[in-house]
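The block underneath contains the structure these notes are about, expressed in C-alpha cells.
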Protein chains: 2
Amino acid sequence: MESNMIFVPMILAVLGLIFTAIKASWVKKQDPGNEKMQSISKAIKEGALAFLNAEYRLLAIFILIASVALGTISYFVATTHWMIIIAFVFGGFFSALAGNVGMRIATEANSRTTQAARTSLPQALKVSFGGGTVMGLGVAGLAVLGLSLFFFIFVKMFVTGGVAFYDEMTIALETLAGFSLGAESIALFARVGGGIYTKAADVGADLVGKVEAGIPEDDPRNPATIADNVGDNVGDVAGMGADLFGSYVATVLASMVLGNYLIKDMSTTSQFTDAFSNMGPILLPIVIAGVGIVASIIGTFLVKISNNDAKESQVQKALDTGNWTAIVLTLFSSYFLIKWMLPATMHMHFFGEGYKNISSMNVFWAACIGLAVGALISAVTAYYTSLGKKPVMDIVKNSSTGAATNIIAGLSVGMKSTFFSVLLFAAAIYGSYELAGFYGVALAASAMMATTGMQLAIDAFGPIADNAGGVAEMSELDPEVRERTDILDSVGNTTAAVGKGFAIASAALTALALFAAYVTFTGIDGINIFRADVLAMLFVGGMIPVVFSALAMESVGKAAMEMVQEVRRQFREIPGIMEGTGKPEYAKCVDISTQAALREMILPGLITIITPIIIGLVFGAEPLGGYMAGVCVSGVMWAIFQNNAGGAWDNAKKSFEAGVMIDGTMTYKGSEAHKAAVTGDTVGDPFKDTSGPSMNILIKLTCLVGLVIAPILGDHAIEGAATNQNDIQVEMNVQGSDLSEATIVYTTSINGETTTKEKTFKGSQEEVKAQLAAFEESAKSDDGKVIKEIESVSIKKK
Amino acid sequence: MESNMIFVPMILAVLGLIFTAIKASWVKKQDPGNEKMQSISKAIKEGALAFLNAEYRLLAIFILIASVALGTISYFVATTHWMIIIAFVFGGFFSALAGNVGMRIATEANSRTTQAARTSLPQALKVSFGGGTVMGLGVAGLAVLGLSLFFFIFVKMFVTGGVAFYDEMTIALETLAGFSLGAESIALFARVGGGIYTKAADVGADLVGKVEAGIPEDDPRNPATIADNVGDNVGDVAGMGADLFGSYVATVLASMVLGNYLIKDMSTTSQFTDAFSNMGPILLPIVIAGVGIVASIIGTFLVKISNNDAKESQVQKALDTGNWTAIVLTLFSSYFLIKWMLPATMHMHFFGEGYKNISSMNVFWAACIGLAVGALISAVTAYYTSLGKKPVMDIVKNSSTGAATNIIAGLSVGMKSTFFSVLLFAAAIYGSYELAGFYGVALAASAMMATTGMQLAIDAFGPIADNAGGVAEMSELDPEVRERTDILDSVGNTTAAVGKGFAIASAALTALALFAAYVTFTGIDGINIFRADVLAMLFVGGMIPVVFSALAMESVGKAAMEMVQEVRRQFREIPGIMEGTGKPEYAKCVDISTQAALREMILPGLITIITPIIIGLVFGAEPLGGYMAGVCVSGVMWAIFQNNAGGAWDNAKKSFEAGVMIDGTMTYKGSEAHKAAVTGDTVGDPFKDTSGPSMNILIKLTCLVGLVIAPILGDHAIEGAATNQNDIQVEMNVQGSDLSEATIVYTTSINGETTTKEKTFKGSQEEVKAQLAAFEESAKSDDGKVIKEIESVSIKKK
C-alpha cells in the first residue's frame, strides 16, 4: 500500500537540498581574502577535517558493532526486521554527512566573512548567514529526505493495509526507529567529542595565553589559537548540527509512532480509513516537517541589513524577522494540514480516563502550545544569560569579592533558571496532553522542531562570525574589521544561548514523545513508581546525567591540562615566540585536542547506550520506563542549570569589556573583579559547551534505545503453550455506574519460564467488555492454543 | 486498648534522658579555663542563644499559622482529629528543645575542652565527646519519648480494638504524623537558618581575614571570628540535631504506618492477633529505637583513648569502636525483637504481584541491608572526601592551574560521587522491598537510624573540638593546645563527612517509607508516570531541590557580602585593630549573621511546605505522588553532589597545610595552588553546610506534608449511596481447576463515615459461589437497602 502524500515531504526535502547546494556554491564564490587569511582558514579547515575523519573512523567501528547487535536482535525477535540495520547505518551516515557538510561550509565561510567585513557589515552578515543557511537547510533536507524515503520503503515492505494495519505499521516504524537511533548515536559522539575538543582548546588557550601570558584572544602567538578556532567548528557547528539532526528525526519518528497508535484507538469500533491510505495521522508530522523546510527557505531571504553602521540590535532584528516569518508560515500551513489530514473528530484513548472524542483542532492548539512554550523557554534563557539583565549583573557584582563569590553567584543563577523553564515545560506536557493526548505532546515537539532549518542557520552563523573575528585578529587586519565581526559574534552569542534553551525544550518534549511511544510499543499499562524496582531505576536514571556531566567535564579538565602544559612548553622552548618572530607549532595543539576528544568521548557514550539495554534485559519494561523518566527529569534539570550558568558567566565576563558599574565604581577589563569573572567563565565553558548540551542527546538517546529494544521487552514475542481455552472466563455485570475497570493477571510461558503480568482495562462497561473479549482472543496463538494464561480477574467500580 | 509493650521504649527513652542529664552535669563540672577563655566561650554562647531565641520567636509565628491550618483541616475532614495540632506543637517544641539542649552543652564544652587539652589529649576527647553525647542521647531520648507518649495517648483515644482496628489505628497514626511534621518543620528552618548563619560568618571571616588581611583562622583581630564560632554551633550542632531528630521521628512513624498496613494485609482472611494487643508490627520500630538508645549509651563508654601522644587514627578508632558496638548490639537485639514481636510467617501484599507469605526473618534481613548500605554509602562518602584519596588529590592537582580548574575538578568529584551512592541506594530499595515489601524498606531505614544517639554524639563532637581550637587560638594559648584540638578537629571533619553520607542515605530511605505510607493512606493504586499530570509534577518536583539549593546558596552569598563589607569597614575604621590594640566589634558581625539567616530562611521554607499542598489540592493525590518522587530523586542527587563536592574541596585545601606533591614539587600553604584551593573551599562551604544538608529535610518534609494532607486527597470521605442492589454482580466461571478463591472489597457507611473492608472466600468453585451469594444477601439491611457497597470483586485460580 502507499499514499502519494509521502512524496510531498520527499520533494520538499530535495528542494531544500537544492537550495543548500546553490547557497553553498555562492558562498564558495566569495573572495576568500589575502594569502594570510586563506592560510589561516585553511589551517582551521584542515584541523577540523582531521578531527572529523579521525572521529568517523572510530564511529565506523561503533556502527559495525552496533549493527551486529541489532542483527542479532532481529534474528531472534520476530517483530524486528534486519532492515533496521540498513536504516541504522544510513541514520548514522546522514547525521555524519550533515555535520560534515556544515563544517566544510563553515570553514569556507570564515575567511570570506572576514574579507566581506573589510568592505561592509551587511555583506559580512550575508556571507556568514549564508554559511549558516547551508548548514541549517542541509540538516533539515537530509533529515526529511532520509525519514520519508525509508518510511516509503518500509511501508511498501511491511504494510499490506488490512486489519493487521497497526501491527504491520508498528514493524515499519520500529524498523524506521533504526534510522533515528543511528542519527542520535552519531550525534552523541559528535556532541561530546566536539564539546570536549572545543573546550579543551579554549580553556587551554585562555589559561596560558590570556591569563598567564597576557596576550589577547586569537593572538597568533598563542600556539592553541588554531585549535581554539577548529574547536568552534567541531563543537558548535558539527556537534550542534548532529544534535539538531537527531532531535528533528526523533521528534518526527515519535510523532509517527503515536500517530499509528491514534489510528489504533480510532479503529476500536471500526477500521479507520482516510484519503491518505489510512495513515493521515502518521504522515502529518513528516509533511509538516517538509513544509517547515520551505518556510525556512523563505525566512532566510529576510535575514539582511542595509546599514553599514548597524548595531547588534539591528542584526538581531534581521534574524528575528527571518525566524518568526518561518515560524508563522509553518504554523499557518499546519492549521490547514491538520484540518486536511486528520479526521475532524478523533476517538482517542486517554490513559486512566478511557476514550474521548476530540476535535482535530486540539492537535493544532497543542502545536501552538509547543511553539509558545519553546519561545517562552527561549525568552527565559535569554533573561538569565543576557548582558545587563539582573542575573548577569548579580554575577558581575559578586565578582568584586573574588572568584569564589562569582562562582557561587553563577551556580545559583543556573540553578534558579530551572524554575520558570521547568514550570513552562510541565505546563507544555500537561496542556498538550489534555488537548490531544501523547499525540498532542509529540505534535507540540514537532511544531517546535519544524523550523529546524532556520533555527540551525541562525545557530551556525554565530561560530562562523566568531571564526571570522579570529581570522581578522590572526591576520592582523584593520581593527575596524574586527569590530564588524564582533558585532556579528555578539549577536551570535545571544542566539547561541537562546538556541540552547530551545534545544533543551525540544529535546525534552521529544524524549517524552519517545517515552510515550515506548510505552505503546511494549504494551505495558504504564509505569508505576510505587513498584520498588521501578522506583529504584528512577533513582539510577536520575544519577546518569550527573555522572555523565562529571565525565564530560573531567574530560575537558584533563584535555585542557594537557593543552596548558603544551602551550607552556612552547612558550618556554620556542625562541622568539612572544616577540612574534618564532612560529608556534599549531598542529601539536590541534593534535592534543583531537586525541583527547576521541579518547574521552567513548566512556560517556557507552554508558548512555549500554545502561538502558542492561536495565531492560535484567529488570524488564516497566523498570526501564522508570529509568528513562529518571534520566529525563534529571537530564532536563542539569541541562538547564549548566547551559544557563555557563551562558551567564560568559556574559558576566563580557560585561567588563565595555565596563560595568560595581558599587559606584566603573570597573573594566584587567581589574581584579574581571579576573574573577574570567575564572567563572572558564568554569562555565565546559558547562555550556560540553556537558550541558550533551544532556539533550543523553535523554533522547536513552529513550530511543528503549524504543528500539522495546520489542524484546514487551509482549510481542510470546510463544504458545497448552490448552484451547482459558481457565477463567468472567462475565461482568456492573450496574448503576457508567464506568468500570477490569484487571487481569495472566502468566505467559516462554521456553518453560513463566512470567506474570497485569493488564488493566478502563472505560465504559461496554468498552471494558470489548477489551476483555479482545484480550481473550489475543491470548490464543494462531493455532488456537492459549498462550496467555489468566490467573485472576478483578472488576472494580469507578 | 493498650499493650504494656509501649512502656518499654518510654522507659528506655527516660533512661537515655537521665543519662544525658548526668553527662551534662559532669561536663559542666569541668574546669572552664582562664578568664579570657571563659569570656570567649561566653561570647559564643550568647551569640548562639541570641540567634536561637530570635529564631524561635519567628518559628512560634509559623507554628501558630500552621496550627490554624491544621485545625481547619481537622474541622472539615472527619478522619483527622484536632489532636494533630497538639502533636504538631509538641513535635516542634521537642525539636527546638533538642537543638537548644545540644547547643547549650556544646557552648559549655568548648572552653572546657580547650582547658582539658592543656593537660592531655585523652581528657580533651572525653570532654568534647561528653558534650556530643549529651546532644546525641538528648535527641534520641526526646524523640522516642515524644513518639511513644503520643502513640500511647492516641491509641487510648482512637483504637477500640475491634474489626475496625485498621481504620482506627490509621486515625491514631495520622494524628501522630503531626508530631513528625512539627519536628521536621522546625528542623527545616533550623538547618537552613543555621546553615546560612554559619557559612555567611565563615565565608565573611575567611575572605577578608584570611585572604585579604592575611591573618590566620580564628585570629581574635578578625571581627567575624566570634560569629564564625557561633555559626559552628547553630549550624553543625543545633541544625544537625534538629535534622536527625526529624529523621529519627519520621522513620519510626513511617515504619509504624506500614506496620499497620501489614496488619491489614494479615487480616484479609481472619483478624490478626498477637501478644502485643495485636499491634506487634506497629510497636516493633519504636521498641528497636528504644533499644538503640541503650546500645548507644553502652557505645559511648567505649569512646576513649589512653595515650597522650595519640594521632588522628587512634581517636578515629575509638569513635569507630563505640559506633560499631552500638550498631552490633542493636542489630543483635533486633534479631530477637523481630522473632518475638512478629508472627513467624506473614501474609503480605506486594504491589502488582498479589499476596505472598514471607518469613519474619525477611524483616531482619531488610534491617541488615539498611545497615550495610548505610555503612557502604558512608564509606563511599569517605572515599570521595578524604585526604590523600584520589578524588581529593585530583582537586589538589587541578589547583596548580588555578581556581577555575580547581572548581571544575571539585564539581566533577561531587557529581561522580553520586554513582556508587545511588547504585547502593537503589539496591537498598530493591533488596529490602523484595524481602519484606515497603515494611522492609521502612525497617531498613529504622535500623540505620536506631543508633542515632551514638551517631549524633560523634557528629556533635566535631564542632565542639573545632570551637575548642578557636578558643585556644583566640586566647593565645600554647601552640601545643591547638595541636591537640586540631587532632580532634581533623577527626571531626572526617566524621562530619561520613555522617552526611549517612544522613542522606537515611533521609532518602525515610522519604521512601513516607512515600509508601502516603500511598497507603490515600488509597490510590500507585503512581503512574504515564499519566501526563503525574509526569508534569515529577518534573516540577525535580526542579524544587535545584531552586531550593540556589536560594540557600544565594542567601549565603548575600549574607557573606554584608559580612565582608562590615569586616572591611571595621578593619578600615577601628584604629589599631590589626595591631591587636583596638577591639573589634564582634557583636555587629553576630547580628548581621543572625538577621540574614532569619530573613533568608523564610522563602525556601515556605516553598517546601506550600508547594506540595497546592499540588495536592489542585491536581490530586497521584500527581502529588509524582511531585514527591521528583523531589526525592532530584534531592538525593543534589544532596550527594553538594555534600561531597564541598567535603572534597575542604580537604583539598587542607592538603596544602601539610604540603602536597604536585608534578614533583612540594607545594604548601600560601602558594598560588593553595589560593586556588581556598577559592574552591569557599565555593564548597555553602554546598556542604547549607544547601547540601538542607536537601535531607526538603525530601522528608515534602513527603510528610503529603502524608498529613493525604486524608483530604484520598478516597476516605466517599459518602455511601443507598440503592437496592449492589452495583457489581459477578458470575464466575472457573474451569479446569478444582479450587478457586474470590475476594470482595466493599465499603460500609455508618453515620456518613465510610470504611473499606475486604473479604475473601475460599473453597471449591461451588462453595465460593455459595459464599458469594450469601454475602450479597447479607449486604442488604432489613429494609432491602444496600449497606455493604461492593467496590470490586476479584477471582483467582488456586
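The chains in the C-alpha cells are called A, B, ... from first to last as shown; in each chain the residues are counted from 1, and the ligands are counted from 1 in the order shown.
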Fewer than 3 positions away in the same chain doesn't count, so skip those; otherwise give me all residues within 9 Å of Phe179 of chain B, counting only C-alpha atoms, as an mmCIF file with N, CA and C atoms, in the first residue's frame.
```cif
data_model
loop_
_atom_site.group_PDB
_atom_site.id
_atom_site.type_symbol
_atom_site.label_atom_id
_atom_site.label_comp_id
_atom_site.auth_asym_id
_atom_site.auth_seq_id
_atom_site.Cartn_x
_atom_site.Cartn_y
_atom_site.Cartn_z
ATOM 1 N N ILE B 84 -4.167 16.531 66.343
ATOM 2 C CA ILE B 84 -2.982 16.658 65.499
ATOM 3 C C ILE B 84 -2.254 17.972 65.784
ATOM 4 N N ILE B 85 -3.017 18.986 66.175
ATOM 5 C CA ILE B 85 -2.405 20.289 66.482
ATOM 6 C C ILE B 85 -1.486 20.158 67.689
ATOM 7 N N ILE B 86 -1.998 19.473 68.723
ATOM 8 C CA ILE B 86 -1.194 19.286 69.936
ATOM 9 C C ILE B 86 0.091 18.535 69.577
ATOM 10 N N ALA B 87 -0.091 17.453 68.799
ATOM 11 C CA ALA B 87 1.072 16.658 68.405
ATOM 12 C C ALA B 87 2.062 17.517 67.628
ATOM 13 N N PHE B 88 1.528 18.338 66.718
ATOM 14 C CA PHE B 88 2.364 19.204 65.885
ATOM 15 C C PHE B 88 3.168 20.180 66.755
ATOM 16 N N VAL B 89 2.480 20.837 67.665
ATOM 17 C CA VAL B 89 3.153 21.825 68.507
ATOM 18 C C VAL B 89 4.241 21.147 69.347
ATOM 19 N N PHE B 90 3.913 19.970 69.891
ATOM 20 C CA PHE B 90 4.904 19.269 70.693
ATOM 21 C C PHE B 90 6.077 18.779 69.847
ATOM 22 N N GLY B 91 5.781 18.351 68.650
ATOM 23 C CA GLY B 91 6.866 17.937 67.753
ATOM 24 C C GLY B 91 7.840 19.079 67.533
ATOM 25 N N GLY B 92 7.286 20.267 67.260
ATOM 26 C CA GLY B 92 8.125 21.443 67.061
ATOM 27 C C GLY B 92 8.888 21.786 68.335
ATOM 28 N N GLY B 146 8.753 11.332 73.056
ATOM 29 C CA GLY B 146 7.628 12.034 72.437
ATOM 30 C C GLY B 146 6.764 11.096 71.621
ATOM 31 N N LEU B 147 7.401 10.296 70.789
ATOM 32 C CA LEU B 147 6.647 9.390 69.917
ATOM 33 C C LEU B 147 5.847 8.370 70.719
ATOM 34 N N PHE B 150 2.897 10.026 72.765
ATOM 35 C CA PHE B 150 1.746 10.404 71.949
ATOM 36 C C PHE B 150 1.068 9.179 71.349
ATOM 37 N N THR B 175 -2.773 11.219 63.223
ATOM 38 C CA THR B 175 -2.631 12.264 64.229
ATOM 39 C C THR B 175 -1.190 12.330 64.716
ATOM 40 N N LEU B 176 -0.590 11.151 64.883
ATOM 41 C CA LEU B 176 0.810 11.097 65.304
ATOM 42 C C LEU B 176 1.738 11.743 64.266
ATOM 43 N N GLY B 182 5.698 18.562 62.923
ATOM 44 C CA GLY B 182 6.209 19.654 63.748
ATOM 45 C C GLY B 182 7.719 19.591 63.856
ATOM 46 N N ALA B 183 8.225 18.370 64.129
ATOM 47 C CA ALA B 183 9.666 18.207 64.292
ATOM 48 C C ALA B 183 10.398 18.569 63.010
ATOM 49 N N GLU B 184 9.867 18.093 61.888
ATOM 50 C CA GLU B 184 10.571 18.286 60.618
ATOM 51 C C GLU B 184 10.499 19.743 60.154
ATOM 52 N N VAL B 249 12.338 10.583 64.041
ATOM 53 C CA VAL B 249 10.898 10.525 64.281
ATOM 54 C C VAL B 249 10.166 10.079 63.017
ATOM 55 N N ALA B 250 10.540 10.655 61.887
ATOM 56 C CA ALA B 250 9.839 10.340 60.634
ATOM 57 C C ALA B 250 10.004 8.875 60.257
#
```
>> Least-squares superposition of chain B on chain A, all Cα atoms, in-order pairing: what RMSD comes out, in Å?
In response: 3.3 Å
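Nearest to chain B of all the residues A:Ala673, A:Ile609, A:Val534, A:Ile614 is A:Val534, based on only C-alpha atoms.
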>> List the spatial neighbours of Gly235 of chain A as JSON, numbers by chain - criterion: any atom at most 9 Å away, only C-alpha atoms, same-chain residues fewer than 5 positions off excluded.
In response: {"A": [190, 191, 192, 193, 194, 195, 196, 197, 198, 199, 230, 240, 689, 690]}
> Which residue out of A:Ala445, A:Ala172, A:Ile61, A:Val590 has the minimum interatomic distance to Gly47 of chain A when only C-alpha atoms are used?
Replying inline: A:Val590
>> Need the shell around His81 of chain A: protein/DNA/RNA residues with any atom at most 10 Å away, counting only C-alpha atoms. Skip same-chain ones fewer than 3 positions apart. Format as a ChimeraX atom specification?
In response: /A:70-71,73-78,84-85,158,171-172,174-175
C-alpha atoms of the current selection, written as a CSV table (one decimal), in the first residue's frame:
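For reference, out.csv as written:
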```csv
chain,number,residue,atom,x,y,z
A,70,LEU,CA,20.9,-5.1,16.0
A,71,GLY,CA,21.3,-8.0,13.6
A,73,ILE,CA,18.2,-9.0,17.9
A,74,SER,CA,16.4,-9.0,14.6
A,75,TYR,CA,17.4,-12.6,14.1
A,76,PHE,CA,15.8,-13.7,17.4
A,77,VAL,CA,12.8,-11.4,17.7
A,78,ALA,CA,10.2,-11.9,15.1
A,84,ILE,CA,16.7,-2.0,10.9
A,85,ILE,CA,20.5,-2.3,10.3
A,158,PHE,CA,5.6,-4.4,5.7
A,171,ILE,CA,7.0,-3.2,12.5
A,172,ALA,CA,7.6,-0.5,9.8
A,174,GLU,CA,10.2,0.0,14.7
A,175,THR,CA,12.5,-0.5,11.7
```
> At what distance in Å, to one decimal, does atom CA of Phe656 of chain A lie from atom CA of Glu480 of chain A?
Replying inline: 20.6 Å
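Among B:Asn696, B:Asn493, B:Thr113, B:Ser421, the residue with the shortest atom-to-atom distance to chain A, counting only C-alpha atoms, is B:Ser421.
For the residues B:Tyr586, B:Tyr166, B:Phe461, B:Tyr627, ranking by smallest atom-to-atom distance to chain A using only C-alpha atoms places B:Tyr627 first.
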>> With only C-alpha atoms as the counted atoms, please give the residues lying no more than 12 Å from Val27 of chain B, apart from itself and same-chain residues fewer than 2 positions off, as a count of residues only.
In response: 34
>> Could you check the closest approach to Ser655 of chain B for each of B:Ala366, B:Val491, B:Ala375, B:Val392 and tell me which residue wins, using only C-alpha atoms?
In response: B:Val392
> What are the DSSP helix (DSSP H, G or I) residues of segment 238-466 of chain B, as JSON, numbers by chain?
Replying inline: {"B": [238, 239, 240, 241, 242, 243, 244, 245, 246, 247, 248, 249, 250, 251, 252, 253, 254, 255, 256, 257, 258, 259, 260, 261, 262, 263, 264, 265, 266, 280, 281, 282, 283, 284, 285, 286, 287, 288, 289, 290, 291, 292, 293, 294, 295, 296, 297, 298, 299, 300, 301, 312, 313, 314, 315, 316, 317, 318, 319, 320, 321, 322, 323, 324, 325, 326, 327, 328, 329, 330, 331, 332, 333, 334, 335, 336, 337, 338, 339, 340, 341, 361, 362, 363, 364, 365, 366, 367, 368, 369, 370, 371, 372, 373, 374, 375, 376, 377, 378, 379, 380, 381, 382, 383, 384, 385, 390, 391, 392, 393, 394, 395, 396, 397, 398, 399, 403, 404, 405, 406, 407, 408, 409, 410, 411, 412, 413, 414, 415, 416, 418, 419, 420, 421, 422, 423, 424, 425, 426, 427, 428, 429, 430, 431, 432, 433, 434, 435, 436, 437, 438, 439, 440, 441, 442, 443, 444, 445, 446, 447, 448, 449, 452, 453, 454, 455, 456, 457, 458, 459, 460, 461, 462, 463, 464, 465, 466]}
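Counting only C-alpha atoms and comparing B:Gln38, B:Ser296, B:Asn100, B:Gln642, the residue that lies closest to Thr385 of chain B is B:Gln642.
A straight line drawn from atom CA of Ala652 of chain B to atom CA of Thr225 of chain B is 22.8 Å long.
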